[in-house]
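Q: If it helps, the file is called data-v9.cif and holds mmCIF, C-alpha atoms:
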```cif
data_input
loop_
_atom_site.group_PDB
_atom_site.id
_atom_site.type_symbol
_atom_site.label_atom_id
_atom_site.label_comp_id
_atom_site.auth_asym_id
_atom_site.auth_seq_id
_atom_site.Cartn_x
_atom_site.Cartn_y
_atom_site.Cartn_z
ATOM 1 C CA MET F 1 -2.737 -20.008 13.362
ATOM 2 C CA PRO F 2 -5.805 -22.169 14.166
ATOM 3 C CA ALA F 3 -7.384 -21.584 17.579
ATOM 4 C CA GLU F 4 -6.603 -25.168 18.613
ATOM 5 C CA GLN F 5 -2.872 -24.553 18.178
ATOM 6 C CA VAL F 6 -3.104 -21.405 20.255
ATOM 7 C CA ASP F 7 -4.895 -23.345 22.994
ATOM 8 C CA ALA F 8 -2.234 -26.053 22.852
ATOM 9 C CA LEU F 9 0.547 -23.505 23.299
ATOM 10 C CA ARG F 10 -1.242 -21.953 26.240
ATOM 11 C CA ALA F 11 -1.756 -25.393 27.765
ATOM 12 C CA LEU F 12 2.020 -25.818 27.656
ATOM 13 C CA GLY F 13 2.395 -22.609 29.620
ATOM 14 C CA ILE F 14 3.653 -20.591 26.653
ATOM 15 C CA PRO F 15 2.350 -17.002 26.685
ATOM 16 C CA VAL F 16 0.410 -16.207 23.525
ATOM 17 C CA VAL F 17 -0.917 -12.855 22.350
ATOM 18 C CA ALA F 18 -3.693 -13.040 19.754
ATOM 19 C CA CYS F 19 -3.435 -10.105 17.371
ATOM 20 C CA ARG F 20 -6.041 -8.887 14.929
ATOM 21 C CA GLN F 21 -5.887 -9.899 11.305
ATOM 22 C CA VAL F 22 -4.724 -6.639 9.763
ATOM 23 C CA ARG F 23 -6.914 -5.054 7.093
ATOM 24 C CA ASN F 24 -6.467 -1.344 7.807
ATOM 25 C CA LEU F 25 -4.601 1.316 9.755
ATOM 26 C CA ASP F 26 -6.790 0.905 12.841
ATOM 27 C CA ASP F 27 -5.800 -2.772 13.044
ATOM 28 C CA VAL F 28 -2.107 -1.858 12.815
ATOM 29 C CA ILE F 29 -2.485 0.647 15.652
ATOM 30 C CA TYR F 30 -4.370 -1.899 17.763
ATOM 31 C CA ASN F 31 -1.719 -4.595 17.280
ATOM 32 C CA ILE F 32 1.218 -2.293 18.057
ATOM 33 C CA ARG F 33 -0.441 -1.226 21.290
ATOM 34 C CA LEU F 34 -1.356 -4.824 22.127
ATOM 35 C CA ALA F 35 2.173 -6.128 21.521
ATOM 36 C CA ALA F 36 3.798 -3.291 23.464
ATOM 37 C CA ASP F 37 1.535 -3.861 26.462
ATOM 38 C CA ALA F 38 2.091 -7.625 26.297
ATOM 39 C CA VAL F 39 5.868 -7.262 26.665
ATOM 40 C CA GLY F 40 5.626 -4.505 29.249
ATOM 41 C CA GLU F 41 6.851 -1.716 26.956
ATOM 42 C CA PRO F 42 3.821 0.596 26.547
ATOM 43 C CA GLU F 43 5.992 3.712 26.259
ATOM 44 C CA ARG F 44 8.044 2.246 23.412
ATOM 45 C CA GLY F 45 4.823 1.179 21.725
ATOM 46 C CA GLN F 46 3.503 4.710 22.056
ATOM 47 C CA ALA F 47 6.691 6.052 20.493
ATOM 48 C CA LEU F 48 6.124 3.824 17.449
ATOM 49 C CA LEU F 49 2.515 4.969 17.231
ATOM 50 C CA ALA F 50 3.548 8.615 17.453
ATOM 51 C CA GLU F 51 5.964 8.118 14.549
ATOM 52 C CA LEU F 52 3.256 6.377 12.522
ATOM 53 C CA ASP F 53 0.701 9.066 13.306
ATOM 54 C CA GLU F 54 3.116 11.829 12.322
ATOM 55 C CA LYS F 55 3.643 10.333 8.846
ATOM 56 C CA VAL F 56 -0.064 9.713 8.272
ATOM 57 C CA ALA F 57 -0.948 13.241 9.426
ATOM 58 C CA HIS F 58 1.736 14.737 7.168
ATOM 59 C CA VAL F 59 0.289 12.965 4.130
ATOM 60 C CA LYS F 60 -3.265 13.988 5.007
ATOM 61 C CA ALA F 61 -2.221 17.605 5.407
ATOM 62 C CA ARG F 62 -0.527 17.578 1.990
ATOM 63 C CA THR F 63 -3.303 15.786 0.101
ATOM 64 C CA ALA F 64 -6.454 17.033 1.848
ATOM 65 C CA ASP F 65 -7.096 19.817 -0.662
ATOM 66 C CA ILE F 66 -6.797 17.629 -3.763
ATOM 67 C CA PRO F 67 -10.321 17.598 -5.266
ATOM 68 C CA PRO F 68 -11.981 14.243 -6.119
ATOM 69 C CA GLU F 69 -11.578 14.781 -9.859
ATOM 70 C CA LYS F 70 -7.809 15.165 -9.432
ATOM 71 C CA ARG F 71 -7.340 12.076 -7.274
ATOM 72 C CA ARG F 72 -5.120 9.732 -9.246
ATOM 73 C CA VAL F 73 -5.824 6.088 -9.940
ATOM 74 C CA LEU F 74 -2.967 3.792 -8.931
ATOM 75 C CA LEU F 75 -2.555 0.183 -9.993
ATOM 76 C CA GLY F 76 0.015 -1.985 -8.224
ATOM 77 C CA PHE F 77 1.879 -4.897 -9.812
ATOM 78 C CA SER F 78 3.818 -7.780 -8.303
ATOM 79 C CA SER F 79 5.450 -10.663 -10.140
ATOM 80 C CA MET F 80 2.014 -12.330 -10.210
ATOM 81 C CA GLY F 81 0.330 -9.374 -11.904
ATOM 82 C CA ALA F 82 -1.913 -6.490 -10.882
ATOM 83 C CA PHE F 83 -3.287 -6.663 -7.339
ATOM 84 C CA GLY F 84 -5.357 -4.649 -4.880
ATOM 85 C CA HIS F 85 -8.298 -6.494 -3.332
ATOM 86 C CA PRO F 86 -10.756 -3.937 -1.846
ATOM 87 C CA ASP F 87 -10.677 -5.655 1.573
ATOM 88 C CA GLY F 88 -6.895 -5.973 1.682
ATOM 89 C CA LEU F 89 -4.339 -3.886 3.537
ATOM 90 C CA PHE F 90 -2.940 -2.376 0.326
ATOM 91 C CA HIS F 91 -6.342 -0.857 -0.359
ATOM 92 C CA ASP F 92 -6.261 1.019 2.955
ATOM 93 C CA ILE F 93 -2.657 2.089 2.338
ATOM 94 C CA CYS F 94 -3.875 3.644 -0.925
ATOM 95 C CA ARG F 95 -6.800 5.302 0.841
ATOM 96 C CA GLN F 96 -4.528 6.765 3.523
ATOM 97 C CA SER F 97 -2.212 8.015 0.745
ATOM 98 C CA GLY F 98 -5.050 9.917 -0.922
ATOM 99 C CA VAL F 99 -4.940 7.786 -4.071
ATOM 100 C CA ILE F 100 -7.557 5.566 -5.685
ATOM 101 C CA ASN F 101 -6.801 1.850 -5.686
ATOM 102 C CA GLY F 102 -7.580 0.955 -9.291
ATOM 103 C CA ALA F 103 -8.160 -2.740 -8.629
ATOM 104 C CA ALA F 104 -10.919 -1.932 -6.146
ATOM 105 C CA ARG F 105 -12.871 -0.184 -8.886
ATOM 106 C CA ILE F 106 -13.823 -3.500 -10.428
ATOM 107 C CA HIS F 107 -14.091 -5.424 -7.125
ATOM 108 C CA MET F 108 -11.509 -8.050 -7.954
ATOM 109 C CA ALA F 109 -11.843 -11.343 -6.087
ATOM 110 C CA TYR F 110 -9.537 -12.038 -3.154
ATOM 111 C CA GLY F 111 -6.325 -13.773 -4.227
ATOM 112 C CA SER F 112 -6.935 -13.099 -7.920
ATOM 113 C CA HIS F 113 -5.090 -10.896 -10.389
ATOM 114 C CA LEU F 114 -6.367 -8.744 -13.217
ATOM 115 C CA SER F 115 -6.551 -9.518 -16.914
ATOM 116 C CA ASP F 116 -5.300 -7.093 -19.581
ATOM 117 C CA GLU F 117 -8.923 -6.245 -20.372
ATOM 118 C CA GLN F 118 -9.589 -5.310 -16.756
ATOM 119 C CA ILE F 119 -6.422 -3.195 -16.604
ATOM 120 C CA LEU F 120 -7.559 -1.293 -19.693
ATOM 121 C CA GLN F 121 -10.966 -0.841 -18.084
ATOM 122 C CA ILE F 122 -9.350 0.689 -15.002
ATOM 123 C CA ASP F 123 -6.971 2.804 -17.150
ATOM 124 C CA PRO F 124 -4.695 3.835 -14.252
ATOM 125 C CA ASP F 125 -3.002 7.223 -14.105
ATOM 126 C CA ILE F 126 0.110 5.681 -12.578
ATOM 127 C CA MET F 127 1.485 2.201 -11.969
ATOM 128 C CA MET F 128 3.443 0.910 -8.995
ATOM 129 C CA PHE F 129 5.904 -1.961 -9.254
ATOM 130 C CA VAL F 130 7.197 -3.813 -6.215
ATOM 131 C CA ASP F 131 10.952 -4.136 -5.906
ATOM 132 C CA ASP F 132 12.824 -6.780 -3.927
ATOM 133 C CA GLY F 133 16.190 -6.708 -5.616
ATOM 134 C CA ALA F 134 19.131 -4.637 -4.441
ATOM 135 C CA ALA F 135 19.733 -3.515 -8.029
ATOM 136 C CA ASN F 136 16.007 -3.319 -8.777
ATOM 137 C CA ASP F 137 16.219 -6.370 -11.078
ATOM 138 C CA TYR F 138 13.015 -7.859 -9.689
ATOM 139 C CA GLY F 139 10.947 -4.692 -10.007
ATOM 140 C CA GLY F 140 12.579 -3.800 -13.299
ATOM 141 C CA GLN F 141 11.567 -7.105 -14.841
ATOM 142 C CA ILE F 142 7.949 -6.602 -13.777
ATOM 143 C CA ARG F 143 7.985 -3.057 -15.185
ATOM 144 C CA ASP F 144 9.450 -4.167 -18.500
ATOM 145 C CA ARG F 145 6.894 -6.937 -18.845
ATOM 146 C CA VAL F 146 3.921 -4.667 -18.119
ATOM 147 C CA LEU F 147 5.066 -1.631 -20.106
ATOM 148 C CA GLY F 148 6.044 -3.862 -23.008
ATOM 149 C CA ASP F 149 2.732 -5.736 -23.128
ATOM 150 C CA PRO F 150 1.265 -4.998 -26.600
ATOM 151 C CA ALA F 151 -2.258 -5.274 -25.178
ATOM 152 C CA LEU F 152 -1.650 -2.439 -22.685
ATOM 153 C CA GLN F 153 -0.164 0.218 -24.956
ATOM 154 C CA THR F 154 -3.336 2.338 -24.906
ATOM 155 C CA ALA F 155 -3.463 2.454 -21.087
ATOM 156 C CA LYS F 156 -2.843 5.973 -19.805
ATOM 157 C CA ALA F 157 0.005 5.061 -17.432
ATOM 158 C CA VAL F 158 1.743 3.011 -20.126
ATOM 159 C CA LYS F 159 1.437 5.727 -22.771
ATOM 160 C CA ASN F 160 2.735 8.375 -20.378
ATOM 161 C CA ARG F 161 5.323 6.097 -18.768
ATOM 162 C CA ARG F 162 4.006 7.031 -15.320
ATOM 163 C CA PHE F 163 5.270 4.548 -12.740
ATOM 164 C CA PHE F 164 7.344 4.192 -9.592
ATOM 165 C CA PHE F 165 8.845 1.448 -7.428
ATOM 166 C CA LEU F 166 7.950 0.520 -3.866
ATOM 167 C CA LYS F 167 9.779 -2.016 -1.710
ATOM 168 C CA ASP F 168 7.747 -5.213 -1.638
ATOM 169 C CA ARG F 169 7.809 -5.260 2.175
ATOM 170 C CA TYR F 170 5.873 -1.964 2.176
ATOM 171 C CA ARG F 171 2.972 -2.880 -0.100
ATOM 172 C CA ALA F 172 1.163 -4.697 2.714
ATOM 173 C CA SER F 173 3.102 -3.479 5.736
ATOM 174 C CA ASN F 174 1.212 -4.363 8.913
ATOM 175 C CA THR F 175 3.637 -2.649 11.312
ATOM 176 C CA GLN F 176 4.586 0.950 12.081
ATOM 177 C CA HIS F 177 6.237 0.943 8.642
ATOM 178 C CA MET F 178 2.773 1.287 7.133
ATOM 179 C CA GLY F 179 3.461 4.990 7.637
ATOM 180 C CA ASP F 180 6.487 4.732 5.337
ATOM 181 C CA ALA F 181 4.386 3.007 2.679
ATOM 182 C CA ILE F 182 1.689 5.702 2.881
ATOM 183 C CA LEU F 183 4.251 8.494 2.675
ATOM 184 C CA GLN F 184 6.210 6.981 -0.211
ATOM 185 C CA ILE F 185 3.108 6.278 -2.301
ATOM 186 C CA ALA F 186 1.711 9.763 -1.738
ATOM 187 C CA ARG F 187 5.027 11.425 -2.633
ATOM 188 C CA ASN F 188 5.324 9.429 -5.832
ATOM 189 C CA VAL F 189 1.734 9.938 -6.958
ATOM 190 C CA TYR F 190 1.442 13.614 -5.925
ATOM 191 C CA PRO F 191 4.996 15.007 -6.004
ATOM 192 C CA ASP F 192 3.732 18.577 -6.388
ATOM 193 C CA ALA F 193 1.822 18.294 -3.110
ATOM 194 C CA PHE F 194 5.106 17.760 -1.274
ATOM 195 C CA THR F 195 6.887 20.792 -2.653
ATOM 196 C CA GLU F 196 7.018 24.047 -0.683
ATOM 197 C CA SER F 197 3.892 25.343 -2.342
ATOM 198 C CA GLY F 198 2.174 22.012 -1.735
ATOM 199 C CA THR F 199 -0.166 22.242 -4.724
ATOM 200 C CA ALA F 200 -0.970 19.057 -6.632
ATOM 201 C CA LYS F 201 -1.639 19.384 -10.337
#
```
Any chance you could give the structure as structure tokens?

A:
Amino acid sequence: MPAEQVDALRALGIPVVACRQVRNLDDVIYNIRLAADAVGEPERGQALLAELDEKVAHVKARTADIPPEKRRVLLGFSSMGAFGHPDGLFHDICRQSGVINGAARIHMAYGSHLSDEQILQIDPDIMMFVDDGAANDYGGQIRDRVLGDPALQTAKAVKNRRFFFLKDRYRASNTQHMGDAILQIARNVYPDAFTESGTAK
């Protein structure tokens, strides 16, 4: 919202809390604390932060020992194509999950999507498709389009059929549910790290 609109609301006597534009986990934490304090519920805000911190810490504990050469490259797809701007929230979700955001490797422009040539250049280990449909129709259609693209058949993730689905609301979650996104991505990319032995291969 433009600053002038905020000023106009305040001039009308309407309380307004200005949150940070969210680009990373620190911004999410800041905004949760800010919102909780603004409505006089700091303890409930702290409970949300504790839940978020627990999930992030769990993922870090499970992925900390994965060496750099075994970190997997993830490429996310929406209905518009591959995404993952290096300054976007999804990039930090990947970082917190211990995975490499493939799109950031070629510094894609904000708001753009990748060509087939760029996808082949990235050569992701695993692909993520966003899913909005109750029966996974939305995500399934994206998967079928990408995996069936003749130009992508030599890509590692396509050849090996390595992919998973993530709810669309999680791919850029700017609330306490960012912890759910981090946990789900990490579990799908490094399933062995979340077994009892906790050793990623």

Q: Using the chain letters and residue numbers of this document, give as JSON, numbers by chain the residues selected by the PyMOL selection byres ((chain F and resi 18) around 12).

A: {"F": [1, 2, 3, 5, 6, 7, 9, 10, 15, 16, 17, 19, 20, 21, 22, 30, 31, 32, 34, 35, 38]}

Q: So what does the PyMOL selection byres ((chain F and resi 140) around 12) actually pick up in this one, as a list in words?

A: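 In the shown coordinates, the PyMOL selection byres ((chain F and resi 140) around 12) covers Phe77, Ser78, Ser79, Met128, Phe129, Val130, Asp131, Asp132, Gly133, Ala134, Ala135, Asn136, Asp137, Tyr138, Gly139, Gln141, Ile142, Arg143, Asp144, Arg145, Val146, Leu147, Gly148, Phe163, Phe164, Phe165 and Leu166 of chain F.
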
Q: Translate the PyMOL selection byres ((chain F and resi 101) around 7) into a concrete residue list for this structure, as a list in words.

A: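 Going through the file, the PyMOL selection byres ((chain F and resi 101) around 7) ends up selecting Val73, Leu74, Leu75, Gly84, His91, Cys94, Val99, Ile100, Gly102, Ala103 and Ala104 of chain F.
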
Q: Calculated over all atoms listed in the file, which of the candidates F:Leu49, F:Ala57, F:Ile66, F:Leu120 has the smallest distance to Asp192 (chain F)?

A: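 Nearest to Asp192 (chain F): F:Ile66.
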
Q: To test the calculation: enclose all listed atoms of region 94-102 of chain F in a box whose edges run along x, y and z, add 3 Å on each side, then state centre and edge lengths in Å to one decimal, as AutoDock Vina command-line options.

A:
```
--center_x -4.9 --center_y 5.4 --center_z -2.9 --size_x 11.4 --size_y 15.0 --size_z 18.8
```

Q: Report the distance between CA of Lys70 (chain F) and CA of Ala155 (chain F) in Å, rounded to one decimal place.

A: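 Spanning CA of Lys70 (chain F) to CA of Ala155 (chain F) is a straight-line distance of 17.8 Å.
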
Q: Would you mind listing what lies within 12 Å of Lys60 (chain F) as a short mmCIF file (atom, residue, chain, number, x, y, z; two decimals) with C-alpha atoms, in the frame of the given file, with only C-alpha atoms counted and same-chain residues fewer than 2 positions away left out?

A:
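See part_8.cif below for the written result:
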```
data_model
loop_
_atom_site.label_atom_id
_atom_site.label_comp_id
_atom_site.auth_asym_id
_atom_site.auth_seq_id
_atom_site.Cartn_x
_atom_site.Cartn_y
_atom_site.Cartn_z
CA ASP F 53 0.70 9.07 13.31
CA GLU F 54 3.12 11.83 12.32
CA LYS F 55 3.64 10.33 8.85
CA VAL F 56 -0.06 9.71 8.27
CA ALA F 57 -0.95 13.24 9.43
CA HIS F 58 1.74 14.74 7.17
CA ARG F 62 -0.53 17.58 1.99
CA THR F 63 -3.30 15.79 0.10
CA ALA F 64 -6.45 17.03 1.85
CA ASP F 65 -7.10 19.82 -0.66
CA ILE F 66 -6.80 17.63 -3.76
CA CYS F 94 -3.88 3.64 -0.92
CA ARG F 95 -6.80 5.30 0.84
CA GLN F 96 -4.53 6.76 3.52
CA SER F 97 -2.21 8.02 0.74
CA GLY F 98 -5.05 9.92 -0.92
CA VAL F 99 -4.94 7.79 -4.07
CA GLY F 179 3.46 4.99 7.64
CA ILE F 182 1.69 5.70 2.88
CA LEU F 183 4.25 8.49 2.68
CA ALA F 186 1.71 9.76 -1.74
CA ARG F 187 5.03 11.42 -2.63
CA TYR F 190 1.44 13.61 -5.92
CA ALA F 193 1.82 18.29 -3.11
CA PHE F 194 5.11 17.76 -1.27
CA GLY F 198 2.17 22.01 -1.74
#
```

Q: Give me, please, the distance in Å between CA of Ala50 (chain F) and CA of Pro67 (chain F), quoted to one decimal.

A: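 About the pair CA of Ala50 (chain F) and CA of Pro67 (chain F): they are 28.1 Å apart.
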
Q: When you draw a straight line from CA of Ile29 (chain F) to CA of Tyr110 (chain F), how long is it in Å?

A: 23.8 Å

Q: At a cut-off of 9 Å, using only C-alpha atoms, what residues contact Asp180 (chain F)? Leave out same-chain residues fewer than 3 positions from it and give the result as a VMD selection string.

A: chain F and resid 52 55 to 56 170 173 176 to 177 183 to 185

Q: Which residues are close to Asn174 (chain F), i.e. within 8 Å by all atoms listed in the file, leaving aside same-chain residues fewer than 4 positions away? Reply as an MDAnalysis selection string.

A: chainID F and resid 22 28 89 178

Q: Pick out the closest residue to Thr154 (chain F) from this set: F:Asp27, F:Asp87, F:Glu4, F:Glu117. Count only C-alpha atoms.

A: F:Glu117

Q: As a PyMOL selection string, please: the residues near Asp116 (chain F) (cut-off 9 Å, only C-alpha atoms, same-chain neighbours under 6 positions excluded).

A: chain F and resi 149+151-152
